Amino acid sequence: ITLRYFCYGCLFTSVTWSILLFLYFSLSQENRLSLSYVPVQGGQHRFQPRFTHRPGILNRGAEHGRRGHGANDPRKPDLSPEMGMIFNEKDQEVRDMGYHRHAFNVLISNRLGYHRDLPDTRNDKCKDKNYPLALPTASVVICFFNEAFSALLRTVHSVLDRTPGYLLHEIILVDDHSELEDLKEDLDVYMQKNLPGKVKLVRNEKREGLIRGRMIGASHTTGEVLVFLDSHCEVNEAWLQPLLTPIKENRHTVVCPVIDIISADTLVYSPSPIVRGGFNWGLHFKWDPVPMSELNNPSGAIRSPTMAGGLFAMDRKYFNELGQYDSGMDIWGGENLEISFRIWMCGGQLLIIPCSRVGHIFRKRRPYGSPGGQDTMAHNSLRLAHVWMDEYKEQYFALRPELRNRDFGDISERLAVRERLQCHSFKWYLENIYPEMQISSPQNKPQQPVFMNRGVKRPKVLQRGRLRNLSSDKCLVAQGRPSQKGGTVVVRPCDAQDPEQEWAYDEEHELILAGLLCLDMSEIRSSDPPRLMKCHGSGGSQQWSLGKNNRLYQVSVGQCLSVVDPLSHKGYVAMAICDGSESQQWQLES
Ligand code: LR7
Ligand code: MN
């Protein structure tokens with residue numbers, strides 16, 4: 001009997017343990033599936049960024065290409081401000097060439113490598129959401145022209161790293177006849193060695209532009225849903241499931257993620273507020289605040305009159321039924337409004353999904369033109385106006401009278417699409433989908449995205465005083481008047497009474513002279529001396545770190561402010577490789 005009870009005991013204990021172990025493993029499996037499924041590809045080979053480790057330059061683990069969770073505070077920049085530090089001429093060349101060719105900081109992009117952690121920018125409610133396991137599969141289409149290799153690869157790997165393998169049917173890269181030779185060879189080699197077979201490359205024999213480029217990409221796909229991305233994006237945690245779910249429910253739904261901001265100067269990833277798409281009568285896309293009626297549920301979808309254009313998902317067959325894109329549109333521009341109008345006017349709907357987050361590098365200029373130098377935005381907008389806008393195209397011509405008689409090619413195929421789909425009028429669209437649009441007073445100016453502007457709130461000043469240079473014992477002042485935009489700065493004898501010598505250092509890391517202008521660096525030519533410019537509030541060229549070793553480090557240039565010749569009365573200053581010398585030491589003293 002004792003033996004029997006002993007055995008029951010054993011059985012009971014082992015059964016309990018089995019259940020506990022089973023529960024533990026199945027729950028952690030579940031987590032992996034829904035939160036951060038990491039497909040193992042190419043025998044776990046991971047490319048090492050070409051960056052020799054220098055202690056103290058990089059924050060925790062940034063050079064190891066961390067994955068999964070980690071930096072979960074969306075407000076805290078994930079990177080050290082000194083990520084772009086220049087150590088030698090090679091670094092300088094990579095940085096300057098990068099800005100020239102790509103209009104963002106390629107030095108930092110390369111140092112980040114192809115995998116990195118991102119702050120999870122979703123609302124907490126999103127994290128508790130359950131999505132159906134059975135969702136349509138996705139074909140991701142990424143069209144690129146002369147993209148920086150590291151940015152392109154980070155786009156691809158972010159998709160591979162953060163998408164459940166069973167949902168990712170394929171990734172189609174469309175090389176739009178890029179001219180950078182290295183890019184072609186590097187990509188061929190890298191794909192062969194390090195990317196799984198589901199990543200495919202299509203090369204255009206001539207430059208098509210992003211509109212026909214995407215159509216070509218889409219024609220090579222076989223997944224159920226098309227997902228378009230720009231070639232300098234990073235998808236965030238559980239980004240795809242919230243996009244696929246509404247499409248599964250209604251295949252005439254087109255969805256966009258919230259487009260988070262990757263700084264062009266620092267590559268820091270930060271959340272963007274929830275805004276929706278609109279446009280002005282110049283036919284430029286713009287961001288609008290979300291009306292109260294759409295904002296009742298922080299994790300719910302928001303109906304959007306237009307999309308920005310680059311990042312969206314749509315049922316593949318619906319894309320074809322709806323007429324893909326207008327293949328008469330060239331290179332860049334206009335297709336985003338065209339597809340938005342078409343979706344709403346022809347029976348579909350366009351939603352922004354706040355629980356899906358994808359970062360995009362926002363550049364200050366487009367680093368390429370069209371092959372013949374044409375204004376493709378005007379050509380494409382004309383086509384869109386003539387096909388979709390009925391009598392409201394007059395609003396556009398009122399702003400662009402020179403385009404009224406401009407040739408726009410053959411639009412009969414597009415008019416046939418409108419006819420075939422029995423689409424609503426543009427008047428219907430304005431009344432039902434975009435009632436906020438002002439019809440009598442057209443707005444002319446292309447607007448910046450709302451979130452790029454700081455608005456009225458000034459950042460808090462952390463410190464005020466004169467900036468004394470230790471080697472010359474002089475203070476940094478404007479060479480001319482401190483109110484003169486574009487004016488340079490020099491060192492002059494310090495004067496505690498002079499309000500024109502007073503700098504304010506604020507929480508955005510701006511240095512503002514006499515309450516007027518910000519100390520600024522040209523991002524194109526880092527050899528130019530710093531100057532005084534209107535404060536723009538988006539960091540980068542106006543972001544200085546004033547800290548250890550008394551150095552004044554410029555974040556997007558990767559160098560330190562230095563007095564050229566401490567003994568010279570000219571007092572010239574310039575940016576130079578940080579070397580810790582006295583001529584680079586500054587004290588902000590009140
Ligand atoms: O000739 C070209 N061939 C290409 O393959 C020109 C461009 N491209 C590629 C390019 O490499 C990139 O991957 O097309 C993609 C988009 O070009 P960008 O990044 O220069 O465009 P953008 O981000 O400045 O512009 C926005 O508007 C465009 C209008 O045609 C497109 O719709 C872009 O996809 C779109 N980007 C976004 O919506 C991201 C968020 C920006 C905002 C607001
Ligand atoms: Mn882009």
# chains A, B, ... in the order shown; residues from 1 in each chain; ligands from 1
>>> residues_near_ligand(ligand="ligand 1", cutoff="6 Å", atoms="only C-alpha atoms and all ligand atoms", output="MDAnalysis selection string")
chainID A and resid 143:145 147 176 209:210 230:231 308:311 331:336 366
>>> residues_around(residues="A:Asn432", least_positions_apart="6", cutoff="10 Å", atoms="only C-alpha atoms", output="ChimeraX atom specification")
/A:305,344-345,426
>>> closest_residue(among="A:Glu402, A:Asp288, A:Glu234, A:Glu89", to="ligand 2", atoms="only C-alpha atoms and all ligand atoms")
A:Glu234
>>> residues_around(residues="A:Ala313", least_positions_apart="2", cutoff="7 Å", atoms="only C-alpha atoms", output="number ranges by chain")
A: 225-228, 243, 254-256
>>> closest_residue(among="A:Tyr553, A:Phe362, A:Tyr269, A:Tyr114", to="ligand 2", atoms="only C-alpha atoms and all ligand atoms")
A:Phe362
>>> residues_around(residues="stretch 179-185 of chain A", least_positions_apart="5", cutoff="12 Å", atoms="only C-alpha atoms", output="MDAnalysis selection string")
chainID A and resid 101:102 144:153 174 190:192 201:207 368 371
>>> write_last_selection(atoms="N, CA and C atoms", output="PDB file, in the first residue's frame")
ATOM      1  N   ARG A 101      24.743  61.995 -52.026  1.00  0.00           N
ATOM      2  CA  ARG A 101      24.013  61.026 -52.850  1.00  0.00           C
ATOM      3  C   ARG A 101      22.635  60.673 -52.319  1.00  0.00           C
ATOM      4  N   HIS A 102      22.507  60.642 -50.995  1.00  0.00           N
ATOM      5  CA  HIS A 102      21.279  60.083 -50.414  1.00  0.00           C
ATOM      6  C   HIS A 102      20.505  61.049 -49.525  1.00  0.00           C
ATOM      7  N   PHE A 144      13.471  50.592 -55.546  1.00  0.00           N
ATOM      8  CA  PHE A 144      14.518  51.540 -55.137  1.00  0.00           C
ATOM      9  C   PHE A 144      15.328  52.040 -56.318  1.00  0.00           C
ATOM     10  N   PHE A 145      15.812  53.258 -56.150  1.00  0.00           N
ATOM     11  CA  PHE A 145      16.719  53.852 -57.131  1.00  0.00           C
ATOM     12  C   PHE A 145      17.891  54.454 -56.360  1.00  0.00           C
ATOM     13  N   ASN A 146      19.107  53.966 -56.621  1.00  0.00           N
ATOM     14  CA  ASN A 146      20.309  54.493 -55.961  1.00  0.00           C
ATOM     15  C   ASN A 146      20.198  54.551 -54.443  1.00  0.00           C
ATOM     16  N   GLU A 147      19.601  53.569 -53.840  1.00  0.00           N
ATOM     17  CA  GLU A 147      19.447  53.605 -52.382  1.00  0.00           C
ATOM     18  C   GLU A 147      20.772  53.292 -51.696  1.00  0.00           C
ATOM     19  N   ALA A 148      20.964  53.867 -50.500  1.00  0.00           N
ATOM     20  CA  ALA A 148      22.147  53.524 -49.692  1.00  0.00           C
ATOM     21  C   ALA A 148      22.012  52.065 -49.265  1.00  0.00           C
ATOM     22  N   PHE A 149      23.076  51.301 -49.488  1.00  0.00           N
ATOM     23  CA  PHE A 149      23.024  49.853 -49.257  1.00  0.00           C
ATOM     24  C   PHE A 149      22.551  49.506 -47.846  1.00  0.00           C
ATOM     25  N   SER A 150      23.113  50.163 -46.855  1.00  0.00           N
ATOM     26  CA  SER A 150      22.765  49.791 -45.477  1.00  0.00           C
ATOM     27  C   SER A 150      21.296  50.106 -45.180  1.00  0.00           C
ATOM     28  N   ALA A 151      20.770  51.183 -45.753  1.00  0.00           N
ATOM     29  CA  ALA A 151      19.360  51.524 -45.503  1.00  0.00           C
ATOM     30  C   ALA A 151      18.446  50.502 -46.175  1.00  0.00           C
ATOM     31  N   LEU A 152      18.804  50.111 -47.391  1.00  0.00           N
ATOM     32  CA  LEU A 152      18.014  49.108 -48.111  1.00  0.00           C
ATOM     33  C   LEU A 152      18.017  47.772 -47.351  1.00  0.00           C
ATOM     34  N   LEU A 153      19.222  47.374 -46.905  1.00  0.00           N
ATOM     35  CA  LEU A 153      19.315  46.085 -46.209  1.00  0.00           C
ATOM     36  C   LEU A 153      18.616  46.115 -44.853  1.00  0.00           C
ATOM     37  N   VAL A 174      12.740  45.776 -56.378  1.00  0.00           N
ATOM     38  CA  VAL A 174      12.782  46.237 -57.764  1.00  0.00           C
ATOM     39  C   VAL A 174      13.877  47.297 -57.863  1.00  0.00           C
ATOM     40  N   TYR A 190      25.508  39.917 -51.629  1.00  0.00           N
ATOM     41  CA  TYR A 190      24.834  39.792 -50.335  1.00  0.00           C
ATOM     42  C   TYR A 190      23.614  38.887 -50.420  1.00  0.00           C
ATOM     43  N   MET A 191      22.848  39.041 -51.513  1.00  0.00           N
ATOM     44  CA  MET A 191      21.633  38.232 -51.655  1.00  0.00           C
ATOM     45  C   MET A 191      21.954  36.754 -51.718  1.00  0.00           C
ATOM     46  N   GLN A 192      22.962  36.429 -52.510  1.00  0.00           N
ATOM     47  CA  GLN A 192      23.377  35.033 -52.662  1.00  0.00           C
ATOM     48  C   GLN A 192      23.770  34.427 -51.324  1.00  0.00           C
ATOM     49  N   LEU A 201      14.916  39.587 -56.568  1.00  0.00           N
ATOM     50  CA  LEU A 201      15.324  40.873 -57.131  1.00  0.00           C
ATOM     51  C   LEU A 201      14.909  40.967 -58.588  1.00  0.00           C
ATOM     52  N   VAL A 202      14.254  42.056 -58.938  1.00  0.00           N
ATOM     53  CA  VAL A 202      13.885  42.327 -60.326  1.00  0.00           C
ATOM     54  C   VAL A 202      14.644  43.579 -60.730  1.00  0.00           C
ATOM     55  N   ARG A 203      15.267  43.540 -61.909  1.00  0.00           N
ATOM     56  CA  ARG A 203      15.998  44.743 -62.332  1.00  0.00           C
ATOM     57  C   ARG A 203      15.323  45.363 -63.550  1.00  0.00           C
ATOM     58  N   ASN A 204      15.003  46.645 -63.460  1.00  0.00           N
ATOM     59  CA  ASN A 204      14.433  47.347 -64.605  1.00  0.00           C
ATOM     60  C   ASN A 204      15.538  47.651 -65.616  1.00  0.00           C
ATOM     61  N   GLU A 205      15.231  47.422 -66.891  1.00  0.00           N
ATOM     62  CA  GLU A 205      16.254  47.656 -67.913  1.00  0.00           C
ATOM     63  C   GLU A 205      16.454  49.131 -68.181  1.00  0.00           C
ATOM     64  N   LYS A 206      15.418  49.913 -67.877  1.00  0.00           N
ATOM     65  CA  LYS A 206      15.614  51.354 -67.908  1.00  0.00           C
ATOM     66  C   LYS A 206      14.903  51.952 -66.698  1.00  0.00           C
ATOM     67  N   ARG A 207      15.229  53.187 -66.431  1.00  0.00           N
ATOM     68  CA  ARG A 207      14.610  53.849 -65.298  1.00  0.00           C
ATOM     69  C   ARG A 207      13.123  54.021 -65.562  1.00  0.00           C
ATOM     70  N   TYR A 368      17.597  62.885 -56.089  1.00  0.00           N
ATOM     71  CA  TYR A 368      17.662  62.503 -57.499  1.00  0.00           C
ATOM     72  C   TYR A 368      16.653  63.339 -58.270  1.00  0.00           C
ATOM     73  N   PRO A 371      15.246  61.622 -65.379  1.00  0.00           N
ATOM     74  CA  PRO A 371      16.314  61.538 -66.385  1.00  0.00           C
ATOM     75  C   PRO A 371      16.371  62.756 -67.310  1.00  0.00           C
TER      76      PRO A 371
END
>>> atom_distance(atom1="atom CA of A:Met437", atom2="atom CA of A:Met307")
15.4 Å
